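Undergrad: One file: entry17.txt (compact mmCIF, C-alpha atoms).
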```
# COMPACT_ATOMS: atom_id res chain seq x y z
CA MET A 1 0.00 0.00 0.00
CA PHE A 2 1.25 3.48 -0.86
CA CYS A 3 0.78 6.32 1.59
CA PRO A 4 -1.74 8.83 0.19
CA GLN A 5 0.22 11.68 1.83
CA CYS A 6 3.89 11.08 1.05
CA GLY A 7 3.72 8.20 -1.40
CA ALA A 8 6.04 5.93 0.59
CA SER A 9 5.57 2.23 0.12
CA ASN A 10 4.25 0.48 3.23
CA ALA A 11 3.44 -3.08 4.15
CA ASP A 12 -0.27 -3.75 3.77
CA THR A 13 -0.50 -4.47 7.48
CA ASN A 14 0.89 -1.07 8.52
CA VAL A 15 -1.56 1.07 10.39
CA VAL A 16 0.50 4.25 10.13
CA CYS A 17 2.94 5.22 7.37
CA THR A 18 6.52 4.46 8.39
CA GLN A 19 7.68 7.54 6.50
CA CYS A 20 5.34 10.30 7.63
CA GLY A 21 3.05 8.79 10.27
CA ARG A 22 -0.21 9.21 8.36
CA GLN A 23 -2.79 6.62 9.30
CA LEU A 24 -3.23 4.14 6.52
CA GLN A 25 -6.01 1.89 7.72
CA ILE A 26 -7.95 0.68 10.68
CA GLY A 27 -6.62 -2.82 10.87
CA VAL A 28 -6.10 -5.68 13.24
CA PRO A 29 -4.01 -4.45 16.15
CA PRO A 30 -0.53 -5.97 16.27
CA GLY A 31 0.30 -8.54 18.89
CA ILE A 32 -2.06 -11.23 17.63
CA GLN A 33 -0.18 -14.52 17.61
CA PRO A 34 0.27 -15.89 14.11
CA GLY A 35 -0.31 -19.47 15.24
CA VAL A 36 -3.55 -18.74 17.06
CA THR A 37 -6.41 -18.08 14.74
CA PRO A 38 -8.35 -15.13 16.09
CA ALA A 39 -12.01 -14.58 15.49
CA PRO A 40 -12.19 -13.37 11.89
CA LEU A 41 -12.18 -9.60 12.00
CA PRO A 42 -13.33 -7.73 8.96
CA VAL A 43 -10.21 -5.86 7.88
CA THR A 44 -11.80 -3.06 5.99
CA GLY A 45 -8.61 -1.16 5.28
CA VAL A 46 -10.26 2.22 5.62
CA VAL A 47 -7.99 4.85 4.11
CA LEU A 48 -8.44 8.15 5.86
CA PRO A 49 -9.03 11.14 3.61
CA PRO A 50 -5.94 13.23 2.89
CA GLY A 51 -5.17 15.92 5.41
CA THR A 52 -6.74 14.07 8.29
CA THR A 53 -4.79 12.97 11.30
CA VAL A 54 -5.16 12.72 15.05
CA PRO A 55 -3.21 15.68 16.45
CA ASN A 56 -1.14 15.12 19.59
CA TYR A 57 -0.55 18.82 20.43
CA LEU A 58 3.02 17.99 21.49
CA VAL A 59 4.38 21.30 20.25
CA PHE A 60 1.92 23.26 22.39
CA ALA A 61 2.60 20.98 25.36
CA ILE A 62 6.34 21.68 25.11
CA LEU A 63 5.68 25.34 24.52
CA SER A 64 3.68 25.61 27.73
CA THR A 65 6.04 23.45 29.81
CA VAL A 66 9.42 24.83 28.83
CA PHE A 67 8.61 28.26 27.47
CA CYS A 68 5.82 29.34 29.82
CA CYS A 69 6.91 27.76 33.08
CA LEU A 70 3.65 25.86 33.53
CA PRO A 71 3.46 22.40 35.09
CA ALA A 72 0.10 21.76 33.38
CA GLY A 73 2.13 21.05 30.26
CA ILE A 74 3.39 17.76 31.74
CA PRO A 75 0.01 15.93 31.52
CA ALA A 76 -0.30 17.37 28.01
CA ILE A 77 3.01 15.67 27.08
CA VAL A 78 1.84 12.41 28.67
CA PHE A 79 -1.37 12.47 26.61
CA ALA A 80 0.59 13.41 23.47
CA ALA A 81 2.64 10.23 23.97
CA GLN A 82 -0.62 8.29 24.40
CA VAL A 83 -1.97 9.63 21.11
CA ASN A 84 1.03 8.34 19.15
CA GLY A 85 1.16 5.10 21.14
CA LYS A 86 -2.47 4.32 20.36
CA LEU A 87 -1.99 5.26 16.70
CA GLN A 88 0.93 2.84 16.57
CA ALA A 89 -1.36 0.16 17.98
CA GLY A 90 -4.09 1.00 15.47
CA ASP A 91 -6.50 2.31 18.11
CA VAL A 92 -7.75 5.46 16.38
CA ALA A 93 -10.68 5.99 18.78
CA GLY A 94 -8.35 5.75 21.77
CA ALA A 95 -5.90 8.11 20.09
CA GLN A 96 -8.72 10.59 19.56
CA ALA A 97 -9.70 10.41 23.24
CA ALA A 98 -6.07 11.01 24.28
CA SER A 99 -5.87 13.83 21.75
CA ASN A 100 -8.85 15.53 23.37
CA ASN A 101 -7.17 15.25 26.77
CA ALA A 102 -3.90 16.65 25.43
CA LYS A 103 -5.81 19.57 23.94
CA MET A 104 -7.65 20.19 27.22
CA TRP A 105 -4.40 20.31 29.23
CA CYS A 106 -2.85 22.69 26.69
CA TRP A 107 -5.81 25.02 27.15
CA ILE A 108 -5.62 24.73 30.96
CA SER A 109 -1.94 25.58 30.75
CA PHE A 110 -2.63 28.52 28.46
CA GLY A 111 -5.48 29.76 30.69
CA VAL A 112 -3.39 29.57 33.86
CA GLY A 113 -0.60 31.45 32.07
CA LEU A 114 -2.96 34.20 30.94
CA ALA A 115 -4.46 34.47 34.42
CA GLY A 116 -0.95 34.71 35.88
CA ILE A 117 -0.02 37.52 33.52
CA GLY A 118 -3.31 39.26 34.39
CA VAL A 119 -2.58 39.02 38.12
CA TRP A 120 0.98 40.28 37.51
CA ILE A 121 -0.30 43.34 35.60
CA LEU A 122 -2.89 43.98 38.32
CA LEU A 123 -0.23 43.76 41.07
CA ALA A 124 2.10 45.99 39.06
CA MET A 125 -0.65 48.58 38.64
CA ILE A 126 -1.51 48.49 42.35
CA GLY A 127 2.19 48.81 43.09
CA VAL A 128 2.50 51.81 40.79
CA VAL A 129 -0.61 53.43 42.21
CA SER A 130 0.41 52.94 45.86
CA GLY A 131 3.93 54.05 44.95
CA LEU A 132 2.52 57.30 43.59
CA HIS A 133 0.36 57.67 46.69
CA ASN A 134 3.36 57.48 49.01
CA GLN A 135 5.23 60.24 47.26
CA MET B 1 -15.91 6.69 11.37
CA GLU B 2 -16.41 10.31 10.39
CA ASN B 3 -16.86 11.60 13.91
CA ILE B 4 -13.33 10.72 15.01
CA LEU B 5 -11.51 12.25 12.06
CA ILE B 6 -10.05 15.67 12.46
CA GLN B 7 -10.56 17.79 9.40
CA PRO B 8 -8.23 20.75 9.73
CA VAL B 9 -10.28 23.91 9.97
CA ARG B 10 -8.46 26.60 8.05
CA ARG B 11 -8.24 29.91 9.84
CA PRO B 12 -5.82 32.20 7.97
CA ASP B 13 -7.22 35.27 9.77
CA LEU B 14 -6.45 33.74 13.16
CA VAL B 15 -2.93 32.82 12.04
CA ALA B 16 -2.33 36.37 10.82
CA ALA B 17 -3.52 37.80 14.15
CA LEU B 18 -1.31 35.41 16.10
CA PHE B 19 1.66 36.31 13.88
CA VAL B 20 1.22 39.99 14.69
CA LEU B 21 0.87 39.19 18.41
CA ALA B 22 3.95 36.96 18.39
CA GLY B 23 5.89 39.59 16.45
CA CYS B 24 5.02 42.23 19.06
CA GLY B 25 6.00 39.83 21.83
CA LEU B 26 9.38 39.06 20.24
CA LEU B 27 10.03 42.77 19.65
CA LEU B 28 9.28 43.50 23.34
CA LEU B 29 11.50 40.56 24.30
CA ARG B 30 14.35 41.93 22.17
CA LEU B 31 14.02 45.44 23.58
CA PHE B 32 13.66 44.55 27.26
CA ASP B 33 15.82 42.01 29.09
CA PRO B 34 13.58 39.95 31.42
CA ALA B 35 16.59 39.67 33.76
CA THR B 36 16.79 43.40 34.46
CA SER B 37 13.48 44.99 33.48
CA GLY B 38 10.13 44.52 35.18
CA VAL B 39 8.24 44.30 31.91
CA PHE B 40 7.85 40.51 31.98
CA PRO B 41 6.21 38.61 34.83
CA PRO B 42 8.51 36.36 36.87
CA CYS B 43 7.90 32.62 37.05
CA PRO B 44 5.16 32.25 39.69
CA LEU B 45 6.73 29.05 41.07
CA HIS B 46 10.10 30.71 41.59
CA TYR B 47 8.48 33.88 42.93
CA PHE B 48 6.58 32.07 45.66
CA THR B 49 8.80 29.08 46.44
CA GLY B 50 12.28 29.96 45.19
CA LEU B 51 12.34 26.71 43.21
CA TYR B 52 13.31 26.49 39.55
CA CYS B 53 10.93 24.78 37.14
CA PRO B 54 12.01 23.30 33.78
CA GLY B 55 11.05 26.57 32.10
CA CYS B 56 12.87 29.01 34.38
CA GLY B 57 15.25 31.15 32.35
CA SER B 58 13.63 30.37 28.99
CA LEU B 59 12.37 33.93 28.53
CA ARG B 60 15.83 35.36 29.34
CA ALA B 61 17.33 32.73 27.03
CA MET B 62 15.01 33.85 24.21
CA HIS B 63 16.08 37.45 24.85
CA GLN B 64 19.73 36.42 24.51
CA LEU B 65 18.98 34.41 21.36
CA LEU B 66 17.29 37.45 19.82
CA HIS B 67 20.60 39.22 20.38
CA GLY B 68 22.55 36.31 18.91
CA ASN B 69 24.11 35.17 22.19
CA LEU B 70 23.76 31.43 21.97
CA ARG B 71 26.20 30.84 24.84
CA ASP B 72 24.27 32.99 27.31
CA ALA B 73 20.99 31.45 26.15
CA TRP B 74 22.45 27.98 26.73
CA ALA B 75 23.54 28.93 30.24
CA LEU B 76 20.08 30.24 31.09
CA ASN B 77 18.06 27.25 29.90
CA PRO B 78 19.69 24.54 27.75
CA MET B 79 16.41 22.58 27.53
CA ALA B 80 14.60 25.53 25.95
CA VAL B 81 17.45 26.10 23.47
CA LEU B 82 17.43 22.42 22.47
CA LEU B 83 13.66 22.28 22.03
CA LEU B 84 13.31 25.61 20.22
CA PRO B 85 14.01 24.24 16.69
CA PHE B 86 11.40 21.51 17.21
CA VAL B 87 8.82 24.01 18.48
CA ALA B 88 9.62 26.42 15.61
CA TYR B 89 9.17 23.59 13.09
CA GLY B 90 5.85 22.54 14.62
CA LEU B 91 4.49 26.07 14.77
CA THR B 92 5.58 26.79 11.17
CA SER B 93 3.92 23.58 10.03
CA GLU B 94 0.73 24.45 11.91
CA ALA B 95 0.68 27.96 10.42
CA LEU B 96 1.22 26.62 6.86
CA LEU B 97 -1.53 24.05 7.43
CA GLN B 98 -3.96 26.83 8.29
CA LEU B 99 -2.78 29.11 5.47
CA ARG B 100 -2.50 26.73 2.53
CA GLY B 101 -4.09 23.52 3.84
CA ARG B 102 -0.82 21.58 3.94
CA GLY B 103 1.85 21.67 6.63
CA LEU B 104 5.51 20.67 6.56
CA PRO B 105 6.32 16.94 6.31
CA HIS B 106 4.78 15.33 9.37
CA LEU B 107 7.24 13.96 11.91
CA PHE B 108 5.74 10.97 13.62
CA LEU B 109 7.51 10.48 16.94
CA PRO B 110 7.19 7.03 18.50
CA ALA B 111 5.36 7.22 21.83
CA VAL B 112 8.52 6.09 23.66
CA TRP B 113 10.40 9.17 22.49
CA ILE B 114 7.67 11.50 23.71
CA ARG B 115 7.60 9.75 27.10
CA ALA B 116 11.39 10.01 27.27
CA LEU B 117 11.16 13.70 26.52
CA GLY B 118 8.59 14.19 29.29
CA VAL B 119 10.80 12.32 31.76
CA ALA B 120 13.85 14.34 30.62
CA ILE B 121 12.00 17.61 31.21
CA VAL B 122 10.88 16.56 34.71
CA LEU B 123 14.39 15.30 35.62
CA PHE B 124 15.89 18.54 34.31
CA GLY B 125 13.47 20.49 36.51
CA ILE B 126 14.50 18.47 39.58
CA ALA B 127 18.24 18.46 38.82
CA ARG B 128 18.57 22.22 38.48
CA ASN B 129 17.31 22.64 42.05
CA LEU B 130 19.89 20.29 43.57
CA PRO B 131 22.59 22.23 45.41
CA VAL B 132 25.10 19.56 44.39
CA HIS B 133 27.83 19.99 41.79
CA PRO B 134 27.49 19.51 38.80
CA PHE B 135 23.67 19.71 38.90
CA ASP B 136 23.80 23.27 40.26
CA LEU B 137 25.22 24.32 36.88
CA LEU B 138 21.77 23.65 35.40
CA ALA B 139 20.22 26.46 37.45
CA PRO B 140 19.34 29.44 35.25
CA GLY B 141 22.46 31.47 34.55
CA ALA B 142 24.81 29.36 36.70
CA LEU B 143 27.19 28.98 33.76
CA LEU B 144 27.18 32.68 33.00
CA PRO B 145 30.51 34.43 33.54
CA LEU B 146 29.91 37.10 36.14
```
Go ahead and express the file in the form of C-alpha cells.

TA:
Amino acid sequence: MFCPQCGASNADTNVVCTQCGRQLQIGVPPGIQPGVTPAPLPVTGVVLPPGTTVPNYLVFAILSTVFCCLPAGIPAIVFAAQVNGKLQAGDVAGAQAASNNAKMWCWISFGVGLAGIGVWILLAMIGVVSGLHNQ
Amino acid sequence: MENILIQPVRRPDLVAALFVLAGCGLLLLRLFDPATSGVFPPCPLHYFTGLYCPGCGSLRAMHQLLHGNLRDAWALNPMAVLLLPFVAYGLTSEALLQLRGRGLPHLFLPAVWIRALGVAIVLFGIARNLPVHPFDLLAPGALLPL
C-alpha cells in the first residue's frame, strides 16, 4: 500500500505510514499470535481522507512546559505520547480520546498562564498606584 | 468513522492575528531584558517558592537568542534552546496548514520518544534545584561568567 500523503511504500499491514506517520487503515491491532487463529475480524482497510490525522498537540505541550513555566504542560506531554502510542497500535478511537485530553491540558496551561499575567499586571498597577500615593 | 476524524479547519485570519501578536512579543522581548526589566512577569513558582521549574530562564534565554548570544541562552536554559528548533518547526507547520491547507512533512515520533522527553523535562526540573555539583550548573544562569 502506498501512503496517500507522502507516497512511501508500506506493508499492507501497517496502520501508520513508516515515513510520515499518516494513518493508513484501521486494521487488526498488532500482537495477535500468528499461530492462534483469532475470530475473523473484517479488515476493511479504511484509508483516511488526505489531510486528516489525530493531532497530539506535542508542540503546544512543550511550549507551555518549557517556554511558559507551567506544570500543566506535563500531563499534556503524557497524553501526546498516548496519542502516538495508540496510533501505533491502530486504536484510532483511543488516540482521539487522548488527543482531546492533550488539547484540554494545553488550554488549561494557556489559561493559567494568561491568568498569571493578568494578576501580575494587576499587582504591578496596584504597586505603581500605591507608589505614587506614598510620594 | 467520520466523527473521530479531524478535518483541519483553516483559519488564515487567526494565524495572521497570532503572527502579529507573536511579532510584538518578540520585539518587546528583544528590547527589554527579562533579567533586568520589570516588563515581563517572573515565574510564579520561583516567585513564591524559590524553586526552579524546567522553564525558568527560557524567557531570558530567548532574549539572549534574539541578540545572537547562543552561549548565554544555553547557560540560562539549555532545555529551551534544544527544544526551540522543534517548536519552531511545529508552529511553522501548523501555520502553513492553516494558510495553505498543507503543513511541513509530518514527523511521527514514537510514543517512547515523547515519554522520554517528558521524563527528561521533569528530571531537568529536579536536577537544576539540587545544590550539588554539577547539577547546580543547570540552574538558570549558573554557567554565565559574572

Undergrad: Please return, as a PyMOL selection string, all residues of chain B lying within 8 Å of chain A when all atoms listed in the file are considered.

TA: chain B and resi 4-8+41+43-44+53-56+58-59+79-80+83+86-87+90-91+101-102+105-115+118

Undergrad: In Å to one decimal, how far is CA of Gly23 (chain B) from CA of Ala88 (chain B)?

TA: 13.7 Å

Undergrad: Here's a test: counting all atoms listed in the file, identify every protein, DNA and RNA residue with an atom at most 9 Å from (17.1, 35.3, 28.0) in the file's coordinate frame, and state them as a short mmCIF file (atom, residue, chain, number, x, y, z; two decimals) with C-alpha atoms, in the frame of the given file.

TA:
```cif
data_model
loop_
_atom_site.label_atom_id
_atom_site.label_comp_id
_atom_site.auth_asym_id
_atom_site.auth_seq_id
_atom_site.Cartn_x
_atom_site.Cartn_y
_atom_site.Cartn_z
CA LEU B 29 11.50 40.56 24.30
CA ASP B 33 15.82 42.01 29.09
CA PRO B 34 13.58 39.95 31.42
CA ALA B 35 16.59 39.67 33.76
CA GLY B 57 15.25 31.15 32.35
CA SER B 58 13.63 30.37 28.99
CA LEU B 59 12.37 33.93 28.53
CA ARG B 60 15.83 35.36 29.34
CA ALA B 61 17.33 32.73 27.03
CA MET B 62 15.01 33.85 24.21
CA HIS B 63 16.08 37.45 24.85
CA GLN B 64 19.73 36.42 24.51
CA LEU B 65 18.98 34.41 21.36
CA LEU B 66 17.29 37.45 19.82
CA ASP B 72 24.27 32.99 27.31
CA ALA B 73 20.99 31.45 26.15
CA LEU B 76 20.08 30.24 31.09
CA ASN B 77 18.06 27.25 29.90
#
```

Undergrad: What box, with edges along x, y and z, holds each listed atom of region 122-129 of chain B when 8 Å is added on every side, and can you state its centre and edge lengths in Å to one decimal, as JSON?

TA:
```
{"center_x": 14.7, "center_y": 19.0, "center_z": 38.2, "size_x": 23.7, "size_y": 23.3, "size_z": 23.7}
```

Undergrad: Hey, can you check how far CA of Leu14 (chain B) sits from CA of Gly38 (chain B)?

TA: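 Spanning CA of Leu14 (chain B) to CA of Gly38 (chain B) is a straight-line distance of 29.6 Å.
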
Undergrad: Rank B:Tyr89, B:Phe19, B:Phe32, B:Trp74 by their smallest atom-to-atom distance to Ala142 (chain B), using all atoms listed in the file, and report the top residue only.

TA: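 Checking each candidate against Ala142 (chain B), we get B:Trp74 as the closest.
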
Undergrad: Smallest atom-to-atom distance to Ala17 (chain B): which of B:Leu70, B:Ala95, B:Val81, B:Ala127, using all atoms listed in the file?

TA: B:Ala95

Undergrad: Report the distance between CA of Thr92 (chain B) and CA of Leu104 (chain B) in Å, rounded to one decimal place.

TA: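 That distance, rounded to one decimal, is 7.7 Å.
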